[in-house]
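What's in final-v3.pdb: PDB, C-alpha atoms, pLDDT in the B column
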```
MODEL        1
ATOM      1  CA  MET A1320      98.427  82.778 126.639  1.00 72.00           C
ATOM      2  CA  LEU A1321      99.692  85.909 128.327  1.00 77.00           C
ATOM      3  CA  SER A1322      97.413  88.287 130.149  1.00 83.00           C
ATOM      4  CA  PRO A1323      97.552  91.963 129.090  1.00 84.00           C
ATOM      5  CA  ARG A1324      99.451  92.699 132.304  1.00 87.00           C
ATOM      6  CA  GLU A1325     102.024  89.969 131.626  1.00 85.00           C
ATOM      7  CA  LEU A1326     102.405  91.203 128.050  1.00 85.00           C
ATOM      8  CA  ARG A1327     103.075  94.767 129.215  1.00 86.00           C
ATOM      9  CA  TRP A1328     105.627  93.506 131.738  1.00 89.00           C
ATOM     10  CA  ILE A1329     107.534  91.386 129.211  1.00 91.00           C
ATOM     11  CA  LEU A1330     107.599  94.182 126.637  1.00 91.00           C
ATOM     12  CA  ALA A1331     108.824  96.763 129.169  1.00 91.00           C
ATOM     13  CA  LYS A1332     111.381  94.707 131.069  1.00 92.00           C
ATOM     14  CA  LYS A1333     115.090  94.946 130.269  1.00 91.00           C
ATOM     15  CA  GLU A1334     116.013  91.920 128.187  1.00 89.00           C
ATOM     16  CA  GLU A1335     118.746  90.861 130.603  1.00 91.00           C
ATOM     17  CA  LYS A1336     116.196  90.769 133.434  1.00 93.00           C
ATOM     18  CA  LEU A1337     113.799  88.425 131.655  1.00 93.00           C
ATOM     19  CA  THR A1338     113.476  84.898 132.995  1.00 93.00           C
ATOM     20  CA  PRO A1339     114.074  82.075 130.486  1.00 95.00           C
ATOM     21  CA  GLU A1340     110.303  81.572 130.252  1.00 93.00           C
ATOM     22  CA  GLU A1341     109.736  85.298 129.631  1.00 92.00           C
ATOM     23  CA  LYS A1342     112.450  85.307 126.952  1.00 94.00           C
ATOM     24  CA  GLN A1343     110.756  82.381 125.242  1.00 93.00           C
ATOM     25  CA  SER A1344     107.394  84.177 125.375  1.00 91.00           C
ATOM     26  CA  LEU A1345     108.974  87.354 123.995  1.00 93.00           C
ATOM     27  CA  VAL A1346     110.555  85.501 121.077  1.00 94.00           C
ATOM     28  CA  LYS A1347     107.203  83.915 120.222  1.00 92.00           C
ATOM     29  CA  LEU A1348     105.455  87.282 120.436  1.00 90.00           C
ATOM     30  CA  LEU A1349     108.006  88.956 118.188  1.00 92.00           C
ATOM     31  CA  GLU A1350     107.791  86.128 115.655  1.00 93.00           C
ATOM     32  CA  HIS A1351     103.999  86.234 115.692  1.00 90.00           C
ATOM     33  CA  SER A1352     103.400  89.931 115.060  1.00 89.00           C
ATOM     34  CA  ARG A1353     105.283  92.680 113.257  1.00 91.00           C
ATOM     35  CA  GLU A1354     103.202  95.260 115.134  1.00 90.00           C
ATOM     36  CA  ILE A1355     104.233  93.815 118.497  1.00 90.00           C
ATOM     37  CA  GLY A1356     107.843  93.854 117.294  1.00 93.00           C
ATOM     38  CA  HIS A1357     107.548  97.504 116.333  1.00 93.00           C
ATOM     39  CA  LEU A1358     105.836  98.316 119.632  1.00 92.00           C
ATOM     40  CA  TYR A1359     108.570  96.448 121.522  1.00 94.00           C
ATOM     41  CA  ARG A1360     111.377  98.346 119.790  1.00 95.00           C
ATOM     42  CA  LEU A1361     109.684 101.696 120.386  1.00 96.00           C
ATOM     43  CA  LEU A1362     108.942 100.902 124.013  1.00 94.00           C
ATOM     44  CA  GLN A1363     112.499  99.734 124.670  1.00 95.00           C
ATOM     45  CA  SER A1364     113.822 102.864 122.947  1.00 96.00           C
ATOM     46  CA  PHE A1365     111.635 105.081 125.142  1.00 95.00           C
ATOM     47  CA  LEU A1366     112.698 103.276 128.308  1.00 93.00           C
ATOM     48  CA  HIS A1367     116.369 103.578 127.308  1.00 93.00           C
ATOM     49  CA  MET A1368     115.838 107.307 126.766  1.00 94.00           C
ATOM     50  CA  LEU A1369     114.252 107.528 130.209  1.00 90.00           C
ATOM     51  CA  ARG A1370     116.863 105.433 132.015  1.00 89.00           C
ATOM     52  CA  GLU A1371     119.798 107.205 130.381  1.00 90.00           C
ATOM     53  CA  ARG A1372     118.200 110.683 130.522  1.00 91.00           C
ATOM     54  CA  LYS A1373     118.536 111.468 126.820  1.00 93.00           C
ATOM     55  CA  PRO A1374     116.035 114.267 126.123  1.00 94.00           C
ATOM     56  CA  GLU A1375     117.661 114.941 122.751  1.00 95.00           C
ATOM     57  CA  LEU A1376     116.077 111.708 121.502  1.00 96.00           C
ATOM     58  CA  LEU A1377     112.528 112.641 122.507  1.00 97.00           C
ATOM     59  CA  ASN A1378     111.364 114.468 119.377  1.00 97.00           C
ATOM     60  CA  GLY A1379     112.657 111.773 117.036  1.00 97.00           C
ATOM     61  CA  TRP A1380     111.089 109.077 119.190  1.00 97.00           C
ATOM     62  CA  MET A1381     107.772 110.922 119.222  1.00 97.00           C
ATOM     63  CA  LYS A1382     107.777 111.183 115.425  1.00 98.00           C
ATOM     64  CA  GLU A1383     108.611 107.503 115.019  1.00 97.00           C
ATOM     65  CA  ALA A1384     105.912 106.517 117.533  1.00 96.00           C
ATOM     66  CA  ARG A1385     103.329 108.696 115.780  1.00 96.00           C
ATOM     67  CA  ASP A1386     104.358 107.320 112.370  1.00 96.00           C
ATOM     68  CA  SER A1387     103.931 103.763 113.684  1.00 94.00           C
ATOM     69  CA  ALA A1388     100.151 104.331 113.651  1.00 92.00           C
ATOM     70  CA  ILE A1389      99.893 102.138 116.759  1.00 93.00           C
ATOM     71  CA  GLN A1390      96.952 103.845 118.418  1.00 92.00           C
ATOM     72  CA  GLU A1391      98.205 103.386 121.976  1.00 91.00           C
ATOM     73  CA  LEU A1392     101.539 104.996 121.082  1.00 92.00           C
ATOM     74  CA  VAL A1393      99.886 107.836 119.194  1.00 95.00           C
ATOM     75  CA  SER A1394      97.728 108.486 122.256  1.00 96.00           C
ATOM     76  CA  PHE A1395     100.843 108.376 124.473  1.00 95.00           C
ATOM     77  CA  VAL A1396     102.610 110.898 122.207  1.00 97.00           C
ATOM     78  CA  ASN A1397      99.551 113.164 122.380  1.00 97.00           C
ATOM     79  CA  GLY A1398      99.849 113.072 126.171  1.00 96.00           C
ATOM     80  CA  ILE A1399     103.553 113.906 125.995  1.00 96.00           C
ATOM     81  CA  GLU A1400     102.775 116.864 123.736  1.00 97.00           C
ATOM     82  CA  ARG A1401     100.246 118.198 126.236  1.00 96.00           C
ATOM     83  CA  ASP A1402     102.938 118.336 128.930  1.00 95.00           C
ATOM     84  CA  TYR A1403     106.060 118.425 126.774  1.00 96.00           C
ATOM     85  CA  GLU A1404     108.190 120.656 129.003  1.00 93.00           C
ATOM     86  CA  ALA A1405     107.571 118.505 132.077  1.00 92.00           C
ATOM     87  CA  VAL A1406     108.372 115.305 130.149  1.00 92.00           C
ATOM     88  CA  ARG A1407     111.539 116.839 128.742  1.00 92.00           C
ATOM     89  CA  ALA A1408     112.551 117.993 132.237  1.00 89.00           C
ATOM     90  CA  GLY A1409     111.950 114.460 133.515  1.00 87.00           C
ATOM     91  CA  LEU A1410     114.353 113.171 130.880  1.00 88.00           C
ATOM     92  CA  THR A1411     116.900 115.879 131.612  1.00 87.00           C
ATOM     93  CA  TYR A1412     117.279 116.006 135.366  1.00 80.00           C
ATOM     94  CA  ALA A1413     118.497 113.296 137.716  1.00 71.00           C
ATOM     95  CA  TRP A1414     115.489 111.705 139.351  1.00 61.00           C
ATOM     96  CA  ASN A1415     115.266 108.365 141.023  1.00 54.00           C
ATOM     97  CA  HIS A1416     114.335 105.915 138.238  1.00 51.00           C
ATOM     98  CA  ASP A1417     114.559 102.745 140.353  1.00 55.00           C
ATOM     99  CA  TYR A1418     110.980 101.932 139.424  1.00 51.00           C
ATOM    100  CA  VAL A1419     111.785 101.655 135.716  1.00 52.00           C
ATOM    101  CA  ALA A1420     111.895  97.988 134.710  1.00 49.00           C
TER     102      ALA A1420
ENDMDL
END
```
So that I can check it, write out the structure of this file as structure tokens.
Amino acid sequence: MLSPRELRWILAKKEEKLTPEEKQSLVKLLEHSREIGHLYRLLQSFLHMLRERKPELLNGWMKEARDSAIQELVSFVNGIERDYEAVRAGLTYAWNHDYVA
């Protein structure tokens, strides 16, 4: 059984950086729950947008995340909306994203 921290790490990590054990855990998670699968796809999409600095994808991603009805994502989108311009600037300008999994 994964801890919440381990779960967050596996869902946020680039697939090519997963260990074989993490890949196996991810496959089991995705097979077990459609909601986790949806969360995983949305999270990976957001991280791709962040890594590649694609602010033009933000509004569509926010709508899809809100429509998912996953409470944690809806809450995250609400936070983005409160500071939308700063988030969009973060996706637009070259910052050091070495910390992004």
What would the selection look like, as a PyMOL selection string, if the PyMOL selection byres ((chain A and resi 1388-1391) around 12) were run on the coordinates I just shared?
chain A and resi 1353-1359+1361-1362+1381-1387+1392-1398
Determine the nearest neighbour of A:Glu1375 from the options A:Ser1322, A:Thr1411, A:Ser1352, A:Thr1338, counting all atoms listed in the file.
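With all atoms listed in the file as the atom set, the closest residue is A:Thr1411.
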Rounded to one decimal in Å, what is the spacing between atom CA of A:Glu1371 and atom CA of A:Lys1333?
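Separation of atom CA of A:Glu1371 and atom CA of A:Lys1333: 13.1 Å.
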Test item: residues at most 6 Å from A:Leu1369, all atoms listed in the file, excluding those fewer than 3 positions along its chain, as number ranges by chain:
A: 1366, 1372, 1410
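Listed by chain and then by number, the residues chosen by the PyMOL selection byres ((chain A and resi 1345) around 10) in this file are Leu1326, Ile1329, Leu1330, Glu1334, Leu1337, Pro1339, Glu1340, Glu1341, Lys1342, Gln1343, Ser1344, Val1346, Lys1347, Leu1348, Leu1349, Glu1350, His1351, Ile1355, Gly1356 and Tyr1359 of chain A.
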re atom CA of A:Asn1378 and atom CA of A:Ala1413: distance 19.7 Å
For stretch 1391-1409 of chain A, which lacks atoms in the input, supply N, CA and C atoms and format the output as a tab-separated table (two decimals), in the frame of the given file.
```tsv
chain	number	residue	atom	x	y	z
A	1391	GLU	N	97.80	103.16	120.59
A	1391	GLU	CA	98.20	103.39	121.98
A	1391	GLU	C	99.44	104.29	122.05
A	1392	LEU	N	100.36	104.13	121.11
A	1392	LEU	CA	101.54	105.00	121.08
A	1392	LEU	C	101.19	106.40	120.63
A	1393	VAL	N	100.32	106.52	119.65
A	1393	VAL	CA	99.89	107.84	119.19
A	1393	VAL	C	99.21	108.58	120.35
A	1394	SER	N	98.38	107.89	121.09
A	1394	SER	CA	97.73	108.49	122.26
A	1394	SER	C	98.76	108.90	123.30
A	1395	PHE	N	99.78	108.06	123.53
A	1395	PHE	CA	100.84	108.38	124.47
A	1395	PHE	C	101.60	109.62	124.03
A	1396	VAL	N	101.92	109.72	122.74
A	1396	VAL	CA	102.61	110.90	122.21
A	1396	VAL	C	101.74	112.15	122.39
A	1397	ASN	N	100.44	112.02	122.17
A	1397	ASN	CA	99.55	113.16	122.38
A	1397	ASN	C	99.64	113.64	123.83
A	1398	GLY	N	99.71	112.72	124.76
A	1398	GLY	CA	99.85	113.07	126.17
A	1398	GLY	C	101.18	113.76	126.45
A	1399	ILE	N	102.24	113.27	125.83
A	1399	ILE	CA	103.55	113.91	126.00
A	1399	ILE	C	103.50	115.34	125.47
A	1400	GLU	N	102.86	115.52	124.32
A	1400	GLU	CA	102.78	116.86	123.74
A	1400	GLU	C	102.02	117.83	124.64
A	1401	ARG	N	101.01	117.33	125.34
A	1401	ARG	CA	100.25	118.20	126.24
A	1401	ARG	C	101.08	118.70	127.41
A	1402	ASP	N	102.09	117.94	127.80
A	1402	ASP	CA	102.94	118.34	128.93
A	1402	ASP	C	104.41	118.18	128.56
A	1403	TYR	N	104.74	118.64	127.36
A	1403	TYR	CA	106.06	118.42	126.77
A	1403	TYR	C	107.20	118.90	127.68
A	1404	GLU	N	107.10	120.11	128.19
A	1404	GLU	CA	108.19	120.66	129.00
A	1404	GLU	C	108.45	119.82	130.25
A	1405	ALA	N	107.40	119.34	130.88
A	1405	ALA	CA	107.57	118.50	132.08
A	1405	ALA	C	108.21	117.16	131.71
A	1406	VAL	N	107.79	116.58	130.59
A	1406	VAL	CA	108.37	115.30	130.15
A	1406	VAL	C	109.84	115.51	129.82
A	1407	ARG	N	110.14	116.56	129.10
A	1407	ARG	CA	111.54	116.84	128.74
A	1407	ARG	C	112.38	117.07	130.00
A	1408	ALA	N	111.83	117.78	130.97
A	1408	ALA	CA	112.55	117.99	132.24
A	1408	ALA	C	112.79	116.66	132.95
A	1409	GLY	N	111.80	115.78	132.90
A	1409	GLY	CA	111.95	114.46	133.51
A	1409	GLY	C	113.05	113.64	132.87
```
